[in-house]
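Engineer: First the structure, then my questions, so here it is.
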Amino acid sequence: MHSSPFRIGLGHDTHRLEPGGPLILGGLSLEHTRRAVGHSDADVLLHAITDAVLGAAALGDIGELFPDTDPANRGRDSAEMLDAAAERLADAGWEIVNLDCVVFAQRPKILPYRDQMRERVAAILGLSAHQVGLKAKTGEAVGPIGEELAIAAECVALIVRTHTGSPPA
Ligand code: CDP
Ligand code: ZN
């Protein structure tokens, strides 16, 4: 049966925001008046990327790899979880071609941090920044994003097979 060397994956994540800071996003700690709440460090962008990467290879999702019922995952650095997902991907015989991501946040402006964030994500995954697309959208001041009650992120990932023997199903 013909099997494409390429697969795509989609990741989505949302976290609640509460007063305080900093905001952990894309592996960076941003000075901000609100912070994301979660079991781990609540890095919504790294979580969406992790799910996109795992999803592309049908390797499950971040919650399966790092259950929020496990105390070991409390306050966990999301870069570690993304790194672990990337290792699973490599073990399964795949590598990332590129990522494209969207952050949904009323504030702060992501643009000033965008390139630093792309570099950070690329460094975690052993990619170069040109393989990591990153954009941001406000919530147009309406809904949970617009009212700064929540922050969300989405990511698509393209992966390519790295070895030809026994292709994954
Ligand atoms: O203009 P449009 O309604 O399409 O988008 P917007 O949500 O008003 O955002 C306008 C622009 O602001 C985006 O294209 C981003 O370049 C930037 N932006 C940002 O840097 N950080 C955010 N948290 C939201 C938007
Ligand atoms: Zn998350």
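Labels used: A, B, ... for chains in the order of the structure tokens, numbers from 1 for residues in each chain, and numbers from 1 for ligands as shown.
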Within 8 Å of ligand 1 (counting only C-alpha atoms and all ligand atoms), which residues show up? I'd like them as a list in words.
Structural biologist: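 If we count only C-alpha atoms and all ligand atoms, the neighbours of ligand 1 turn out to be Val103, Phe104, Ala105, Gln106, Arg107, Pro108, Lys109, Ile110, Leu111, Pro112, Arg114, Lys135, Ala136, Lys137, Thr138, Gly139 and Glu140 of chain A.
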Engineer: Can you pull out the residues contacting region 77-79 of chain A? Cut-off 12 Å, using only C-alpha atoms, and skip same-chain residues under 4 positions away; I want them as a ChimeraX atom specification.
Structural biologist: /A:24-29,38-51,62,66,72-73,83-86,120-125
Engineer: Output N, CA and C atoms for every residue in the selection just made, as a JSON list (two decimals), in the first residue's frame.
Structural biologist:
[["chain", "number", "residue", "atom", "x", "y", "z"],
["A", 24, "ILE", "N", 4.23, 32.68, 31.15],
["A", 24, "ILE", "CA", 5.16, 31.73, 30.50],
["A", 24, "ILE", "C", 4.57, 31.38, 29.13],
["A", 25, "LEU", "N", 5.27, 31.71, 28.08],
["A", 25, "LEU", "CA", 4.74, 31.49, 26.73],
["A", 25, "LEU", "C", 5.88, 31.23, 25.75],
["A", 26, "GLY", "N", 5.75, 30.16, 25.01],
["A", 26, "GLY", "CA", 6.76, 29.82, 24.01],
["A", 26, "GLY", "C", 8.13, 29.61, 24.61],
["A", 27, "GLY", "N", 8.15, 29.13, 25.85],
["A", 27, "GLY", "CA", 9.43, 28.86, 26.51],
["A", 27, "GLY", "C", 10.09, 30.10, 27.08],
["A", 28, "LEU", "N", 9.40, 31.24, 27.00],
["A", 28, "LEU", "CA", 9.93, 32.49, 27.55],
["A", 28, "LEU", "C", 9.08, 32.90, 28.75],
["A", 29, "SER", "N", 9.67, 33.67, 29.62],
["A", 29, "SER", "CA", 8.96, 34.23, 30.75],
["A", 29, "SER", "C", 8.75, 35.71, 30.47],
["A", 38, "GLY", "N", -2.30, 26.41, 35.36],
["A", 38, "GLY", "CA", -2.34, 25.01, 34.92],
["A", 38, "GLY", "C", -1.54, 24.14, 35.85],
["A", 39, "HIS", "N", -1.61, 22.85, 35.60],
["A", 39, "HIS", "CA", -0.90, 21.89, 36.44],
["A", 39, "HIS", "C", 0.61, 22.03, 36.24],
["A", 40, "SER", "N", 1.01, 22.20, 34.96],
["A", 40, "SER", "CA", 2.42, 22.40, 34.64],
["A", 40, "SER", "C", 2.68, 23.90, 34.68],
["A", 41, "ASP", "N", 3.66, 24.38, 33.92],
["A", 41, "ASP", "CA", 3.91, 25.82, 33.86],
["A", 41, "ASP", "C", 2.90, 26.54, 32.96],
["A", 42, "ALA", "N", 1.94, 25.78, 32.40],
["A", 42, "ALA", "CA", 0.80, 26.33, 31.63],
["A", 42, "ALA", "C", 1.23, 27.10, 30.38],
["A", 43, "ASP", "N", 2.30, 26.63, 29.74],
["A", 43, "ASP", "CA", 2.77, 27.26, 28.51],
["A", 43, "ASP", "C", 1.92, 26.76, 27.33],
["A", 44, "VAL", "N", 0.92, 27.55, 27.00],
["A", 44, "VAL", "CA", -0.10, 27.14, 26.05],
["A", 44, "VAL", "C", 0.49, 26.91, 24.64],
["A", 45, "LEU", "N", 1.49, 27.68, 24.29],
["A", 45, "LEU", "CA", 2.09, 27.52, 22.96],
["A", 45, "LEU", "C", 2.90, 26.22, 22.89],
["A", 46, "LEU", "N", 3.72, 25.96, 23.88],
["A", 46, "LEU", "CA", 4.50, 24.71, 23.85],
["A", 46, "LEU", "C", 3.58, 23.50, 23.93],
["A", 47, "HIS", "N", 2.45, 23.62, 24.64],
["A", 47, "HIS", "CA", 1.51, 22.50, 24.72],
["A", 47, "HIS", "C", 0.87, 22.24, 23.36],
["A", 48, "ALA", "N", 0.50, 23.29, 22.65],
["A", 48, "ALA", "CA", -0.11, 23.12, 21.32],
["A", 48, "ALA", "C", 0.91, 22.51, 20.35],
["A", 49, "ILE", "N", 2.15, 22.95, 20.45],
["A", 49, "ILE", "CA", 3.20, 22.41, 19.57],
["A", 49, "ILE", "C", 3.43, 20.93, 19.89],
["A", 50, "THR", "N", 3.46, 20.60, 21.18],
["A", 50, "THR", "CA", 3.66, 19.21, 21.60],
["A", 50, "THR", "C", 2.57, 18.32, 21.02],
["A", 51, "ASP", "N", 1.32, 18.77, 21.09],
["A", 51, "ASP", "CA", 0.21, 17.98, 20.56],
["A", 51, "ASP", "C", 0.25, 17.88, 19.04],
["A", 62, "ILE", "N", -0.37, 15.09, 24.79],
["A", 62, "ILE", "CA", 0.45, 15.51, 25.93],
["A", 62, "ILE", "C", -0.12, 14.98, 27.25],
["A", 66, "PHE", "N", 2.04, 12.93, 29.87],
["A", 66, "PHE", "CA", 2.29, 13.61, 31.14],
["A", 66, "PHE", "C", 0.98, 13.85, 31.86],
["A", 72, "ALA", "N", 4.46, 14.36, 39.67],
["A", 72, "ALA", "CA", 5.75, 14.67, 39.03],
["A", 72, "ALA", "C", 5.59, 15.75, 37.96],
["A", 73, "ASN", "N", 4.36, 15.92, 37.45],
["A", 73, "ASN", "CA", 4.14, 16.89, 36.38],
["A", 73, "ASN", "C", 3.72, 18.27, 36.89],
["A", 83, "ASP", "N", 10.40, 18.42, 24.48],
["A", 83, "ASP", "CA", 11.63, 17.69, 24.17],
["A", 83, "ASP", "C", 11.36, 16.17, 24.19],
["A", 84, "ALA", "N", 10.60, 15.72, 25.17],
["A", 84, "ALA", "CA", 10.28, 14.29, 25.27],
["A", 84, "ALA", "C", 9.41, 13.84, 24.09],
["A", 85, "ALA", "N", 8.49, 14.70, 23.67],
["A", 85, "ALA", "CA", 7.64, 14.38, 22.52],
["A", 85, "ALA", "C", 8.49, 14.28, 21.26],
["A", 86, "ALA", "N", 9.45, 15.19, 21.13],
["A", 86, "ALA", "CA", 10.33, 15.19, 19.96],
["A", 86, "ALA", "C", 11.18, 13.92, 19.92],
["A", 120, "ARG", "N", 13.60, 30.11, 20.46],
["A", 120, "ARG", "CA", 13.50, 29.25, 21.64],
["A", 120, "ARG", "C", 12.85, 27.91, 21.28],
["A", 121, "VAL", "N", 11.74, 27.97, 20.55],
["A", 121, "VAL", "CA", 11.05, 26.74, 20.13],
["A", 121, "VAL", "C", 11.98, 25.91, 19.23],
["A", 122, "ALA", "N", 12.64, 26.58, 18.31],
["A", 122, "ALA", "CA", 13.57, 25.88, 17.41],
["A", 122, "ALA", "C", 14.68, 25.21, 18.21],
["A", 123, "ALA", "N", 15.19, 25.90, 19.22],
["A", 123, "ALA", "CA", 16.29, 25.33, 20.03],
["A", 123, "ALA", "C", 15.83, 24.08, 20.78],
["A", 124, "ILE", "N", 14.61, 24.11, 21.31],
["A", 124, "ILE", "CA", 14.08, 22.94, 22.03],
["A", 124, "ILE", "C", 14.00, 21.73, 21.10],
["A", 125, "LEU", "N", 13.63, 22.01, 19.83],
["A", 125, "LEU", "CA", 13.37, 20.92, 18.89],
["A", 125, "LEU", "C", 14.57, 20.60, 18.00]]
Engineer: If you run DSSP on this backbone, which residues of region 55-88 of chain A come out as helix (DSSP H, G or I), and could you give them as a list in words?
Structural biologist: Gly55, Ala56, Ile62, Gly63, Glu64, Leu65, Pro71, Ala72, Asn73, Ser78, Ala79, Glu80, Met81, Leu82, Asp83, Ala84, Ala85, Ala86, Glu87 and Arg88 of chain A
Engineer: Ranking A:Ala58, A:Val102, A:Val37, A:Cys155 by minimum distance to ligand 2 and counting only C-alpha atoms and all ligand atoms, which one comes first?
Structural biologist: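 Of the candidates, the smallest distance to ligand 2 is held by A:Val37.
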Engineer: Select, from A:His130, A:His163, A:His12, A:Arg118, the residue with the minimum atom-to-atom distance to ligand 2, counting only C-alpha atoms and all ligand atoms.
Structural biologist: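 Ranking A:His130, A:His163, A:His12, A:Arg118 by distance to ligand 2, first place goes to A:His12.
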Engineer: Can you tell me how far CA of Ile8 (chain A) sits from CA of Asp91 (chain A), in Å to one decimal?
Structural biologist: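 Result for CA of Ile8 (chain A) versus CA of Asp91 (chain A): 17.3 Å, one decimal.
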Engineer: Using only C-alpha atoms and all ligand atoms for the distances, tell me which of A:Glu18, A:Glu31, A:Glu147, A:Glu154 is nearest to ligand 2.
Structural biologist: A:Glu154
Engineer: With only C-alpha atoms and all ligand atoms as the basis for distance, which of A:Leu30, A:Val132, A:Cys101, A:Ile151 is at the shortest distance from ligand 2?
Structural biologist: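 The shortest atom-to-atom distance to ligand 2 comes from A:Ile151.
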Engineer: Using only C-alpha atoms, find the one residue out of A:Val97, A:Val160, A:Leu17, A:Met81 that sits nearest to Gln131 (chain A).
Structural biologist: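 Answer, going by the shortest atom-to-atom distance: A:Val97.
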Engineer: Which residues in region 74-117 of chain A does DSSP call strand (DSSP E)? List them as a PyMOL selection string.
Structural biologist: chain A and resi 94-104
Engineer: Write the selection just made, keeping N, CA and C atoms, as a short mmCIF file (atom, residue, chain, number, x, y, z; two decimals), in the first residue's frame?
Structural biologist:
data_model
loop_
_atom_site.label_atom_id
_atom_site.label_comp_id
_atom_site.auth_asym_id
_atom_site.auth_seq_id
_atom_site.Cartn_x
_atom_site.Cartn_y
_atom_site.Cartn_z
N TRP A 94 10.57 9.74 12.51
CA TRP A 94 10.08 10.95 11.87
C TRP A 94 10.92 12.16 12.26
N GLU A 95 10.95 13.16 11.37
CA GLU A 95 11.51 14.45 11.77
C GLU A 95 10.58 15.58 11.32
N ILE A 96 10.69 16.70 12.01
CA ILE A 96 9.81 17.85 11.73
C ILE A 96 10.33 18.60 10.51
N VAL A 97 9.41 18.89 9.58
CA VAL A 97 9.74 19.74 8.42
C VAL A 97 9.54 21.20 8.82
N ASN A 98 8.35 21.53 9.32
CA ASN A 98 8.09 22.89 9.82
C ASN A 98 6.87 22.91 10.73
N LEU A 99 6.78 23.98 11.48
CA LEU A 99 5.63 24.25 12.34
C LEU A 99 5.05 25.59 11.94
N ASP A 100 3.74 25.74 12.11
CA ASP A 100 3.13 27.07 12.02
C ASP A 100 2.17 27.20 13.19
N CYS A 101 2.30 28.30 13.92
CA CYS A 101 1.57 28.46 15.18
C CYS A 101 0.82 29.79 15.23
N VAL A 102 -0.28 29.77 15.97
CA VAL A 102 -1.02 31.00 16.26
C VAL A 102 -1.26 31.08 17.76
N VAL A 103 -0.94 32.22 18.35
CA VAL A 103 -1.28 32.49 19.75
C VAL A 103 -2.50 33.39 19.75
N PHE A 104 -3.49 33.05 20.58
CA PHE A 104 -4.70 33.86 20.74
C PHE A 104 -4.64 34.54 22.09
#
Engineer: Interatomic distance between CA of Gly9 (chain A) and CA of Arg74 (chain A)?
Structural biologist: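 Separation between CA of Gly9 (chain A) and CA of Arg74 (chain A): 26.3 Å.
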Engineer: Between CA of Gly20 (chain A) and CA of Met117 (chain A), what is the distance in Å, rounded to a tenth?
Structural biologist: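 Atom-to-atom, CA of Gly20 (chain A) and CA of Met117 (chain A) are spaced 21.2 Å apart.
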Engineer: Considering only C-alpha atoms and all ligand atoms, state which residue in the set A:Pro5, A:Gly21, A:Gly11, A:Gly143 is at the smallest distance from ligand 2.
Structural biologist: A:Gly11
